[in-house]
Structure formats: C-alpha cells, structure tokens
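So this block is start.pdb, PDB, C-alpha atoms, pLDDT in the B column:
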ATOM      1  CA  MET A   1      26.538 -44.906 -18.963  1.00 42.00           C
ATOM      2  CA  SER A   2      23.972 -44.181 -16.243  1.00 42.00           C
ATOM      3  CA  SER A   3      23.401 -40.667 -15.057  1.00 44.00           C
ATOM      4  CA  ASN A   4      22.754 -39.797 -11.429  1.00 46.00           C
ATOM      5  CA  PRO A   5      19.276 -38.406 -10.861  1.00 45.00           C
ATOM      6  CA  ALA A   6      18.971 -34.951  -9.456  1.00 46.00           C
ATOM      7  CA  ASN A   7      18.706 -34.743  -5.702  1.00 49.00           C
ATOM      8  CA  PRO A   8      15.110 -33.802  -4.884  1.00 48.00           C
ATOM      9  CA  SER A   9      16.297 -31.999  -1.741  1.00 50.00           C
ATOM     10  CA  GLU A  10      18.443 -29.576  -3.730  1.00 53.00           C
ATOM     11  CA  PRO A  11      17.026 -26.051  -4.081  1.00 54.00           C
ATOM     12  CA  PRO A  12      15.810 -25.046  -7.540  1.00 58.00           C
ATOM     13  CA  SER A  13      18.254 -23.359  -9.850  1.00 65.00           C
ATOM     14  CA  LEU A  14      18.711 -19.610  -9.800  1.00 64.00           C
ATOM     15  CA  ILE A  15      17.171 -19.326 -13.265  1.00 75.00           C
ATOM     16  CA  ARG A  16      14.053 -21.229 -12.238  1.00 79.00           C
ATOM     17  CA  THR A  17      13.778 -19.295  -8.986  1.00 73.00           C
ATOM     18  CA  GLY A  18      14.196 -15.987 -10.798  1.00 75.00           C
ATOM     19  CA  ALA A  19      11.576 -16.964 -13.360  1.00 82.00           C
ATOM     20  CA  ARG A  20       9.083 -17.858 -10.647  1.00 83.00           C
ATOM     21  CA  ALA A  21       9.803 -14.658  -8.745  1.00 81.00           C
ATOM     22  CA  GLY A  22       9.428 -12.606 -11.914  1.00 85.00           C
ATOM     23  CA  ALA A  23       6.148 -14.317 -12.800  1.00 89.00           C
ATOM     24  CA  ALA A  24       4.794 -13.666  -9.300  1.00 88.00           C
ATOM     25  CA  PHE A  25       5.780 -10.001  -9.550  1.00 89.00           C
ATOM     26  CA  VAL A  26       4.172  -9.557 -12.972  1.00 92.00           C
ATOM     27  CA  ALA A  27       0.975 -11.308 -11.836  1.00 93.00           C
ATOM     28  CA  SER A  28       0.649  -9.042  -8.792  1.00 92.00           C
ATOM     29  CA  VAL A  29       1.276  -5.902 -10.848  1.00 93.00           C
ATOM     30  CA  ALA A  30      -1.311  -7.024 -13.403  1.00 95.00           C
ATOM     31  CA  LYS A  31      -3.774  -7.593 -10.570  1.00 93.00           C
ATOM     32  CA  GLY A  32      -3.066  -4.078  -9.282  1.00 93.00           C
ATOM     33  CA  ILE A  33      -3.695  -2.613 -12.732  1.00 94.00           C
ATOM     34  CA  PHE A  34      -6.908  -4.620 -13.020  1.00 94.00           C
ATOM     35  CA  PHE A  35      -8.252  -3.376  -9.688  1.00 92.00           C
ATOM     36  CA  GLY A  36      -7.113   0.158 -10.527  1.00 92.00           C
ATOM     37  CA  ALA A  37      -9.075   0.100 -13.779  1.00 92.00           C
ATOM     38  CA  LEU A  38     -12.109  -1.747 -12.434  1.00 91.00           C
ATOM     39  CA  LEU A  39     -12.541  -0.222  -8.988  1.00 89.00           C
ATOM     40  CA  GLY A  40     -10.632   3.044  -9.280  1.00 89.00           C
ATOM     41  CA  GLY A  41     -11.599   3.879 -12.860  1.00 89.00           C
ATOM     42  CA  GLY A  42     -15.148   2.586 -12.500  1.00 89.00           C
ATOM     43  CA  ALA A  43     -15.872   4.650  -9.393  1.00 88.00           C
ATOM     44  CA  PHE A  44     -14.225   7.743 -10.914  1.00 85.00           C
ATOM     45  CA  PHE A  45     -16.130   7.741 -14.190  1.00 87.00           C
ATOM     46  CA  TYR A  46     -19.414   6.861 -12.510  1.00 85.00           C
ATOM     47  CA  TYR A  47     -18.917   9.791 -10.158  1.00 82.00           C
ATOM     48  CA  LEU A  48     -18.150  12.107 -13.086  1.00 79.00           C
ATOM     49  CA  GLY A  49     -21.462  11.041 -14.578  1.00 79.00           C
ATOM     50  CA  GLN A  50     -23.190  12.038 -11.355  1.00 77.00           C
ATOM     51  CA  LEU A  51     -21.487  15.453 -11.415  1.00 69.00           C
ATOM     52  CA  SER A  52     -22.932  16.233 -14.844  1.00 61.00           C
ATOM     53  CA  GLY A  53     -26.298  14.657 -14.118  1.00 54.00           C
ATOM     54  CA  PRO A  54     -29.500  15.883 -12.540  1.00 52.00           C
ATOM     55  CA  GLY A  55     -28.150  15.534  -9.021  1.00 50.00           C
ATOM     56  CA  TYR A  56     -25.721  18.458  -9.366  1.00 53.00           C
ATOM     57  CA  PRO A  57     -27.439  21.809 -10.153  1.00 53.00           C
ATOM     58  CA  GLY A  58     -24.197  23.736 -10.714  1.00 52.00           C
ATOM     59  CA  ALA A  59     -23.165  21.422 -13.522  1.00 50.00           C
ATOM     60  CA  ARG A  60     -26.612  21.657 -15.077  1.00 50.00           C
ATOM     61  CA  ALA A  61     -26.288  25.442 -15.452  1.00 50.00           C
ATOM     62  CA  GLY A  62     -23.775  25.004 -18.254  1.00 52.00           C
ATOM     63  CA  GLY A  63     -21.017  27.349 -19.458  1.00 52.00           C
ATOM     64  CA  VAL A  64     -18.898  29.369 -17.053  1.00 55.00           C
ATOM     65  CA  GLY A  65     -21.311  28.816 -14.181  1.00 56.00           C
ATOM     66  CA  ALA A  66     -20.859  25.083 -14.314  1.00 55.00           C
ATOM     67  CA  ALA A  67     -17.066  25.418 -14.443  1.00 56.00           C
ATOM     68  CA  LEU A  68     -16.962  27.781 -11.458  1.00 60.00           C
ATOM     69  CA  ALA A  69     -19.342  25.587  -9.507  1.00 56.00           C
ATOM     70  CA  LEU A  70     -17.161  22.547 -10.073  1.00 56.00           C
ATOM     71  CA  LEU A  71     -13.849  24.299  -9.332  1.00 58.00           C
ATOM     72  CA  THR A  72     -15.064  25.672  -5.993  1.00 58.00           C
ATOM     73  CA  SER A  73     -16.956  22.633  -4.769  1.00 67.00           C
ATOM     74  CA  PRO A  74     -16.060  19.731  -2.438  1.00 74.00           C
ATOM     75  CA  PRO A  75     -17.365  17.240  -5.046  1.00 74.00           C
ATOM     76  CA  LEU A  76     -14.488  18.220  -7.350  1.00 77.00           C
ATOM     77  CA  LEU A  77     -11.984  17.388  -4.624  1.00 81.00           C
ATOM     78  CA  VAL A  78     -13.687  14.033  -4.199  1.00 83.00           C
ATOM     79  CA  ALA A  79     -13.382  13.409  -7.950  1.00 83.00           C
ATOM     80  CA  VAL A  80      -9.650  14.188  -7.858  1.00 84.00           C
ATOM     81  CA  LEU A  81      -9.136  11.838  -4.903  1.00 87.00           C
ATOM     82  CA  LEU A  82     -11.110   9.096  -6.637  1.00 87.00           C
ATOM     83  CA  ALA A  83      -8.865   9.470  -9.684  1.00 89.00           C
ATOM     84  CA  LEU A  84      -5.775   9.081  -7.465  1.00 91.00           C
ATOM     85  CA  PHE A  85      -7.063   5.738  -6.210  1.00 92.00           C
ATOM     86  CA  MET A  86      -6.402   4.247  -9.654  1.00 92.00           C
ATOM     87  CA  GLY A  87      -2.696   4.772  -9.019  1.00 93.00           C
ATOM     88  CA  VAL A  88      -2.966   3.588  -5.418  1.00 94.00           C
ATOM     89  CA  TYR A  89      -4.209   0.168  -6.540  1.00 94.00           C
ATOM     90  CA  VAL A  90      -1.299  -0.097  -8.972  1.00 94.00           C
ATOM     91  CA  ILE A  91       1.167   0.825  -6.210  1.00 94.00           C
ATOM     92  CA  LEU A  92      -0.366  -1.855  -4.002  1.00 93.00           C
ATOM     93  CA  GLY A  93       0.090  -4.357  -6.828  1.00 93.00           C
ATOM     94  CA  VAL A  94       3.775  -3.445  -7.189  1.00 93.00           C
ATOM     95  CA  SER A  95       4.338  -3.729  -3.436  1.00 90.00           C
ATOM     96  CA  GLN A  96       2.545  -7.063  -3.298  1.00 90.00           C
ATOM     97  CA  GLY A  97       4.552  -8.236  -6.309  1.00 89.00           C
ATOM     98  CA  ARG A  98       7.845  -7.457  -4.600  1.00 85.00           C
ATOM     99  CA  THR A  99       6.749  -9.345  -1.498  1.00 86.00           C
ATOM    100  CA  ARG A 100       5.629 -12.386  -3.484  1.00 86.00           C
ATOM    101  CA  ALA A 101       8.835 -12.366  -5.521  1.00 83.00           C
ATOM    102  CA  MET A 102      10.834 -12.239  -2.304  1.00 80.00           C
ATOM    103  CA  GLN A 103       8.710 -15.104  -0.981  1.00 81.00           C
ATOM    104  CA  HIS A 104       9.917 -17.325  -3.839  1.00 79.00           C
ATOM    105  CA  LEU A 105      13.529 -16.251  -3.306  1.00 76.00           C
ATOM    106  CA  VAL A 106      13.394 -16.884   0.440  1.00 77.00           C
ATOM    107  CA  ALA A 107      11.709 -20.261  -0.039  1.00 77.00           C
ATOM    108  CA  ALA A 108      14.425 -21.340  -2.481  1.00 75.00           C
ATOM    109  CA  ARG A 109      17.534 -19.648  -1.083  1.00 73.00           C
ATOM    110  CA  GLY A 110      16.533 -18.269   2.312  1.00 73.00           C
ATOM    111  CA  GLU A 111      18.495 -20.748   4.393  1.00 77.00           C
ATOM    112  CA  ALA A 112      21.636 -20.310   2.306  1.00 77.00           C
ATOM    113  CA  VAL A 113      21.367 -16.518   2.414  1.00 78.00           C
ATOM    114  CA  ALA A 114      20.741 -16.585   6.174  1.00 81.00           C
ATOM    115  CA  GLN A 115      23.722 -18.880   6.703  1.00 82.00           C
ATOM    116  CA  ARG A 116      26.178 -16.828   4.649  1.00 84.00           C
ATOM    117  CA  LEU A 117      24.947 -13.473   5.893  1.00 84.00           C
ATOM    118  CA  GLY A 118      24.992 -14.809   9.449  1.00 83.00           C
ATOM    119  CA  ASP A 119      28.581 -16.012   9.024  1.00 84.00           C
ATOM    120  CA  ALA A 120      29.588 -12.602   7.685  1.00 83.00           C
ATOM    121  CA  ILE A 121      27.951 -10.723  10.573  1.00 82.00           C
ATOM    122  CA  ALA A 122      29.287 -13.188  13.159  1.00 80.00           C
ATOM    123  CA  GLY A 123      32.789 -12.908  11.721  1.00 80.00           C
ATOM    124  CA  ARG A 124      32.736  -9.153  12.149  1.00 76.00           C
ATOM    125  CA  ILE A 125      31.416  -9.451  15.701  1.00 75.00           C
ATOM    126  CA  GLU A 126      34.061 -12.039  16.595  1.00 71.00           C
ATOM    127  CA  SER A 127      36.803  -9.710  15.376  1.00 72.00           C
ATOM    128  CA  MET A 128      35.537  -6.771  17.426  1.00 66.00           C
ATOM    129  CA  PRO A 129      37.320  -5.603  20.583  1.00 58.00           C
ATOM    130  CA  ARG A 130      35.626  -6.618  23.816  1.00 53.00           C
ATOM    131  CA  THR A 131      36.638  -3.574  25.843  1.00 45.00           C
ATOM    132  CA  HIS A 132      34.765  -0.444  26.881  1.00 42.00           C
ATOM    133  CA  GLY A 133      31.378  -1.884  25.941  1.00 47.00           C
ATOM    134  CA  ALA A 134      32.279  -2.193  22.258  1.00 48.00           C
ATOM    135  CA  LEU A 135      29.850  -5.081  21.791  1.00 51.00           C
ATOM    136  CA  ARG A 136      27.022  -2.735  22.655  1.00 49.00           C
ATOM    137  CA  ARG A 137      27.966  -0.703  19.576  1.00 54.00           C
ATOM    138  CA  ALA A 138      28.048  -3.713  17.263  1.00 55.00           C
ATOM    139  CA  SER A 139      25.636  -2.081  14.842  1.00 54.00           C
ATOM    140  CA  ASP A 140      28.206   0.656  14.193  1.00 56.00           C
ATOM    141  CA  TRP A 141      30.618  -1.984  12.879  1.00 63.00           C
ATOM    142  CA  LEU A 142      28.129  -3.338  10.374  1.00 74.00           C
ATOM    143  CA  SER A 143      27.152  -1.567   7.183  1.00 76.00           C
ATOM    144  CA  VAL A 144      25.325  -2.493   4.017  1.00 80.00           C
ATOM    145  CA  ASP A 145      28.318  -1.554   1.862  1.00 81.00           C
ATOM    146  CA  ALA A 146      30.800  -3.661   3.840  1.00 79.00           C
ATOM    147  CA  LEU A 147      28.583  -6.753   3.998  1.00 82.00           C
ATOM    148  CA  SER A 148      27.561  -6.416   0.336  1.00 80.00           C
ATOM    149  CA  ALA A 149      31.214  -6.277  -0.718  1.00 80.00           C
ATOM    150  CA  GLN A 150      32.043  -9.281   1.468  1.00 79.00           C
ATOM    151  CA  LEU A 151      29.163 -11.385   0.124  1.00 78.00           C
ATOM    152  CA  ALA A 152      29.381 -10.231  -3.505  1.00 78.00           C
ATOM    153  CA  PRO A 153      31.465 -13.243  -4.671  1.00 77.00           C
ATOM    154  CA  VAL A 154      28.770 -15.587  -3.305  1.00 73.00           C
ATOM    155  CA  LEU A 155      25.438 -13.761  -3.567  1.00 70.00           C
ATOM    156  CA  GLY A 156      26.256 -11.132  -6.200  1.00 69.00           C
ATOM    157  CA  ASP A 157      26.154  -7.368  -5.821  1.00 70.00           C
ATOM    158  CA  GLY A 158      22.762  -6.519  -7.300  1.00 70.00           C
ATOM    159  CA  LYS A 159      20.186  -4.173  -5.855  1.00 72.00           C
ATOM    160  CA  ALA A 160      18.095  -7.087  -4.572  1.00 69.00           C
ATOM    161  CA  VAL A 161      20.983  -8.379  -2.457  1.00 73.00           C
ATOM    162  CA  ARG A 162      21.662  -4.923  -1.035  1.00 78.00           C
ATOM    163  CA  ALA A 163      17.956  -4.485  -0.281  1.00 76.00           C
ATOM    164  CA  VAL A 164      17.858  -7.797   1.608  1.00 77.00           C
ATOM    165  CA  ILE A 165      20.992  -6.935   3.606  1.00 80.00           C
ATOM    166  CA  ALA A 166      19.648  -3.470   4.428  1.00 82.00           C
ATOM    167  CA  PHE A 167      16.310  -4.932   5.548  1.00 80.00           C
ATOM    168  CA  VAL A 168      18.019  -7.518   7.755  1.00 82.00           C
ATOM    169  CA  LEU A 169      20.354  -4.977   9.390  1.00 81.00           C
ATOM    170  CA  ASP A 170      17.433  -2.636  10.004  1.00 82.00           C
ATOM    171  CA  ARG A 171      15.257  -5.324  11.615  1.00 81.00           C
ATOM    172  CA  LEU A 172      17.873  -7.506  13.323  1.00 80.00           C
ATOM    173  CA  PRO A 173      17.950  -6.830  17.118  1.00 77.00           C
ATOM    174  CA  LEU A 174      21.728  -7.057  17.419  1.00 76.00           C
ATOM    175  CA  ASN A 175      22.002  -5.764  20.989  1.00 74.00           C
ATOM    176  CA  GLU A 176      19.322  -8.193  22.171  1.00 77.00           C
ATOM    177  CA  MET A 177      20.982 -11.077  20.324  1.00 77.00           C
ATOM    178  CA  LEU A 178      24.424 -10.278  21.728  1.00 74.00           C
ATOM    179  CA  ALA A 179      23.014 -10.081  25.254  1.00 75.00           C
ATOM    180  CA  GLU A 180      21.321 -13.468  24.743  1.00 75.00           C
ATOM    181  CA  TRP A 181      24.542 -14.933  23.393  1.00 73.00           C
ATOM    182  CA  GLN A 182      26.640 -13.634  26.300  1.00 72.00           C
ATOM    183  CA  GLN A 183      24.099 -14.856  28.853  1.00 77.00           C
ATOM    184  CA  GLY A 184      24.164 -18.298  27.250  1.00 72.00           C
ATOM    185  CA  ARG A 185      27.960 -18.445  27.432  1.00 66.00           C
ATOM    186  CA  ALA A 186      27.940 -17.286  31.051  1.00 70.00           C
ATOM    187  CA  ALA A 187      25.273 -19.844  31.995  1.00 72.00           C
ATOM    188  CA  GLN A 188      27.386 -22.649  30.504  1.00 67.00           C
ATOM    189  CA  GLY A 189      30.525 -21.374  32.246  1.00 62.00           C
ATOM    190  CA  GLU A 190      32.303 -20.675  28.961  1.00 58.00           C
ATOM    191  CA  PRO A 191      34.919 -17.901  28.912  1.00 55.00           C
ATOM    192  CA  GLN A 192      34.310 -14.823  26.830  1.00 55.00           C
ATOM    193  CA  LEU A 193      35.967 -14.811  23.424  1.00 52.00           C
ATOM    194  CA  THR A 194      39.120 -12.772  23.117  1.00 50.00           C
ATOM    195  CA  VAL A 195      40.338 -10.918  20.083  1.00 49.00           C
ATOM    196  CA  ALA A 196      42.826 -12.867  18.020  1.00 48.00           C
ATOM    197  CA  PRO A 197      46.338 -11.433  17.595  1.00 50.00           C
ATOM    198  CA  ARG A 198      47.024  -9.321  14.554  1.00 53.00           C
ATOM    199  CA  GLY A 199      47.211 -11.479  11.450  1.00 47.00           C
ATOM    200  CA  ALA A 200      45.459 -14.446  13.065  1.00 49.00           C
ATOM    201  CA  ALA A 201      41.918 -15.531  12.320  1.00 49.00           C
ATOM    202  CA  PRO A 202      39.440 -14.773  15.142  1.00 55.00           C
ATOM    203  CA  ALA A 203      38.003 -17.678  17.086  1.00 63.00           C
ATOM    204  CA  GLN A 204      34.638 -18.810  15.763  1.00 71.00           C
ATOM    205  CA  ASP A 205      31.665 -19.398  18.020  1.00 74.00           C
ATOM    206  CA  PRO A 206      29.170 -21.901  16.543  1.00 79.00           C
ATOM    207  CA  ALA A 207      26.447 -20.821  18.988  1.00 78.00           C
ATOM    208  CA  LEU A 208      26.726 -17.189  17.884  1.00 79.00           C
ATOM    209  CA  ARG A 209      26.625 -18.124  14.215  1.00 83.00           C
ATOM    210  CA  ALA A 210      23.625 -20.414  14.680  1.00 83.00           C
ATOM    211  CA  LEU A 211      21.777 -17.733  16.674  1.00 83.00           C
ATOM    212  CA  ILE A 212      22.385 -15.032  14.062  1.00 85.00           C
ATOM    213  CA  ALA A 213      21.494 -17.330  11.142  1.00 84.00           C
ATOM    214  CA  ARG A 214      18.239 -18.340  12.844  1.00 85.00           C
ATOM    215  CA  ARG A 215      17.214 -14.743  13.544  1.00 85.00           C
ATOM    216  CA  ILE A 216      18.119 -13.686   9.990  1.00 85.00           C
ATOM    217  CA  HIS A 217      15.996 -16.499   8.558  1.00 83.00           C
ATOM    218  CA  GLU A 218      13.072 -15.393  10.747  1.00 83.00           C
ATOM    219  CA  THR A 219      13.556 -11.817   9.526  1.00 82.00           C
ATOM    220  CA  LEU A 220      13.561 -12.961   5.898  1.00 82.00           C
ATOM    221  CA  GLN A 221      10.375 -14.940   6.501  1.00 81.00           C
ATOM    222  CA  GLU A 222       8.758 -11.796   7.894  1.00 79.00           C
ATOM    223  CA  MET A 223       9.977  -9.826   4.896  1.00 75.00           C
ATOM    224  CA  SER A 224       8.497 -12.305   2.432  1.00 77.00           C
ATOM    225  CA  THR A 225       5.108 -12.801   4.098  1.00 79.00           C
ATOM    226  CA  PRO A 226       2.427 -11.031   2.041  1.00 80.00           C
ATOM    227  CA  SER A 227      -0.397  -9.237   3.809  1.00 84.00           C
ATOM    228  CA  ARG A 228      -3.830  -8.364   2.447  1.00 87.00           C
ATOM    229  CA  MET A 229      -4.443  -5.753   5.133  1.00 92.00           C
ATOM    230  CA  PRO A 230      -3.229  -2.762   3.025  1.00 91.00           C
ATOM    231  CA  PHE A 231      -5.621  -3.750   0.222  1.00 92.00           C
ATOM    232  CA  TRP A 232      -8.616  -3.944   2.564  1.00 94.00           C
ATOM    233  CA  ILE A 233      -7.702  -0.613   4.153  1.00 94.00           C
ATOM    234  CA  VAL A 234      -7.467   1.072   0.745  1.00 93.00           C
ATOM    235  CA  LEU A 235     -10.705  -0.560  -0.361  1.00 93.00           C
ATOM    236  CA  ALA A 236     -12.508   0.686   2.768  1.00 94.00           C
ATOM    237  CA  LEU A 237     -11.170   4.235   2.299  1.00 93.00           C
ATOM    238  CA  HIS A 238     -12.129   4.143  -1.368  1.00 92.00           C
ATOM    239  CA  ALA A 239     -15.669   3.018  -0.570  1.00 92.00           C
ATOM    240  CA  ALA A 240     -16.032   5.680   2.137  1.00 93.00           C
ATOM    241  CA  LEU A 241     -14.820   8.416  -0.212  1.00 90.00           C
ATOM    242  CA  PHE A 242     -17.079   7.218  -3.003  1.00 89.00           C
ATOM    243  CA  GLY A 243     -20.071   7.157  -0.660  1.00 89.00           C
ATOM    244  CA  THR A 244     -19.247  10.655   0.592  1.00 88.00           C
ATOM    245  CA  GLY A 245     -19.069  11.906  -2.987  1.00 84.00           C
ATOM    246  CA  LEU A 246     -22.447  10.442  -3.861  1.00 83.00           C
ATOM    247  CA  TRP A 247     -23.925  12.042  -0.740  1.00 86.00           C
ATOM    248  CA  LEU A 248     -22.528  15.449  -1.755  1.00 79.00           C
ATOM    249  CA  VAL A 249     -24.077  15.345  -5.202  1.00 77.00           C
ATOM    250  CA  GLY A 250     -27.247  13.568  -4.124  1.00 68.00           C
TER
END
Translate this structure into structure tokens?
Amino acid sequence: MSSNPANPSEPPSLIRTGARAGAAFVASVAKGIFFGALLGGGAFFYYLGQLSGPGYPGARAGGVGAALALLTSPPLLVAVLLALFMGVYVILGVSQGRTRAMQHLVAARGEAVAQRLGDAIAGRIESMPRTHGALRRASDWLSVDALSAQLAPVLGDGKAVRAVIAFVLDRLPLNEMLAEWQQGRAAQGEPQLTVAPRGAAPAQDPALRALIARRIHETLQEMSTPSRMPFWIVLALHAALFGTGLWLVG
C-alpha cells in the first residue's frame, strides 16, 4: 500500500511550530543573560574596582570615612545604575524572545489566524445595527473576552491567543477600515448591508472579510518583526553612564 506524501505547502504542525518558537525564545533570553553578565556585570565590577582604587580619595581613606564618602557621592549612584543595567539586558532578551517566538507563530499560522479572527470580527460588524452612526462605534462591540470565547474552539483559549487578539484590537484602525469599506461599496453602486431579521444569519460581505483579514495579517507581521533599536539605545546609554562614572572617579 502506497502512502501519500505530505503536502509541502501545508503549514508545519503545532508541535513543531511551538518547539521552534520556544527555542527562539530561550535563545534570545540566553543572549540577554550573556550580555547582562558580560557588558552589565563587566562594567559594574570594573567600576567598583575604580571606586576602591587610587582614583577615588574618599575610598582610600578607609573605615567610616570611606563609607560616608561613597554613600554621599554621585559615583555611588552611577554604580547602582550600572548594576541595574544587568537586569535591563535580560529584560531586552525576554522581549526579543517573545517577538521572535511570535515571528515563528505568525510565519506558520499567521494567515489562518488572520482569516479566522477576521471572520469573527466581520461577523460581529455585519450583525450590528446600521442606524444612528452605530458603525462608528464598532470598537465598542468588540472585546477580547468575546472574541477569545468565539475563537476558543479553533485557536484555543491560552494567554498567547488572548495577547494576539488584544494586540490586534488595539492596533486595528476599525473606523478607518469601515470608512474604506463603505466608500468601496458606494463607488461600486452596491447597497448598504441591512441587519438580518431575528433568528436569521446576517448577510456576509466577502470584501469586508478580505479587508479585515488583510489588515490583521499586516498587524501580526508588525507584531512579529524584531527590532535591534532598543538594544542599541540601551548600549549607548550604558556606555555614556559608564564613561560618566569613570570621569567622576578619574
């Protein structure tokens, strides 16, 4: 009996995707710990050596005088701030790890998530009343809890799913999208959708669903795009603080 080969166009399994996302997260956190120990810890302990060395007369006095000199001096504040940078690098690693993990999830399941979440949002919009400017208050009809409960049988109800839905709702320009959708219908001479009678399913608009799914996918791509800018900003601040500390004890 011959077995059908797996379709190469099929997305990877959830287990494989989760493993890749987890590995990316762990690697980024490990990198953050490495930079925290190397850059943060190295600068901190080197600076402590300068505080107790010949460049700092108060520390050379010894005893209570040295303690008072350190406690009341700007160099001590610099030392405390340098110590905090060890944790800052770790936090950057965790943030970068979440972004890279989301990058794997979006690459594997982004289109499916965008499609199902777009259908859920479009379905709620299609069932809304069209009177008294209700469409302009579409965001009031959408909530993380309601959409999470609706999509739970398909996407699950974990924290990651809720975080994705919350991010999309926060970034999705619903009013702008609805205005674009209505302008497109008016330009094509199509009548506005009416609310279905009670108990009947609302009419579906493929253009609205495609528009929402496309904008959700773009939002997910933005969410999963890592940026090195925070690291370079922290590194520049760290170097400036370290240089200031050396100037104070020089």
Exercise. Looking at all atoms listed in the file, which of A:Leu220, A:Leu92, A:Arg124, A:Gln183 is the one that sits closest to Ile233 of chain A?
Worked result: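 Among the listed residues, the smallest separation from Ile233 of chain A belongs to A:Leu92.
The space separating atom CA of Glu180 of chain A from atom CA of Ile165 of chain A comes to 22.1 Å.
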Exercise. Between atom CA of Val234 of chain A and atom CA of Leu105 of chain A, what is the spacing in Å?
Worked result: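 Going from atom CA of Leu105 of chain A over to atom CA of Val234 of chain A, I get 27.5 Å.
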Problem set entry | Residues matched by the PyMOL selection byres ((chain A and resi 153-155) around 12) as a PyMOL selection string | chain A and resi 14+109-110+112-117+120+147-152+156-162+164-165
Exercise. Expanded to explicit residues, what is the PyMOL selection byres ((chain A and resi 104) around 9) for this file, as a list in words?
Worked result: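 Here the PyMOL selection byres ((chain A and resi 104) around 9) matches Thr17, Gly18, Arg20, Ala21, Ala24, Thr99, Arg100, Ala101, Met102, Gln103, Leu105, Val106, Ala107, Ala108, Arg109 and Ser224 of chain A.
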Problem set entry | Nearest to Ile216 of chain A, chosen from A:Asp119, A:Val26, A:Gly87, A:Ala43, with only C-alpha atoms counted in the distances |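 Looking only at the distances to Ile216 of chain A, the closest residue turns out to be A:Asp119.
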Exercise. From the list A:Ala23, A:Ile121, A:Val29, A:Leu246, which residue is nearest Leu142 of chain A when using all atoms listed in the file?
Worked result: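 Going through A:Ala23, A:Ile121, A:Val29, A:Leu246 one by one, the smallest distance to Leu142 of chain A is for A:Ile121.
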Exercise. What does the distance between atom CA of Leu248 of chain A and atom CA of Ala79 of chain A come to in Å, to one decimal place?
Worked result: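 Computing it gives 11.2 Å between the two atoms.
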For the provided coordinates, the residues matched by the PyMOL selection byres ((chain A and resi 208) around 9) should be stated as a PDB file with C-alpha atoms, keeping the file's coordinate frame.
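Result file is out_32.pdb:
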ATOM      1  CA  GLY A 118      24.992 -14.809   9.449  1.00 83.00           C
ATOM      2  CA  ALA A 122      29.287 -13.188  13.159  1.00 80.00           C
ATOM      3  CA  MET A 177      20.982 -11.077  20.324  1.00 77.00           C
ATOM      4  CA  LEU A 178      24.424 -10.278  21.728  1.00 74.00           C
ATOM      5  CA  TRP A 181      24.542 -14.933  23.393  1.00 73.00           C
ATOM      6  CA  GLN A 204      34.638 -18.810  15.763  1.00 71.00           C
ATOM      7  CA  ASP A 205      31.665 -19.398  18.020  1.00 74.00           C
ATOM      8  CA  PRO A 206      29.170 -21.901  16.543  1.00 79.00           C
ATOM      9  CA  ALA A 207      26.447 -20.821  18.988  1.00 78.00           C
ATOM     10  CA  ARG A 209      26.625 -18.124  14.215  1.00 83.00           C
ATOM     11  CA  ALA A 210      23.625 -20.414  14.680  1.00 83.00           C
ATOM     12  CA  LEU A 211      21.777 -17.733  16.674  1.00 83.00           C
ATOM     13  CA  ILE A 212      22.385 -15.032  14.062  1.00 85.00           C
ATOM     14  CA  ALA A 213      21.494 -17.330  11.142  1.00 84.00           C
TER      15      ALA A 213
END
For this session: May I ask which of the residues A:Ala187, A:Gln96, A:Ala179, A:Leu174 is the closest one to Arg228 of chain A, counting all atoms listed in the file?
Result: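 The closest residue to Arg228 of chain A is A:Gln96.
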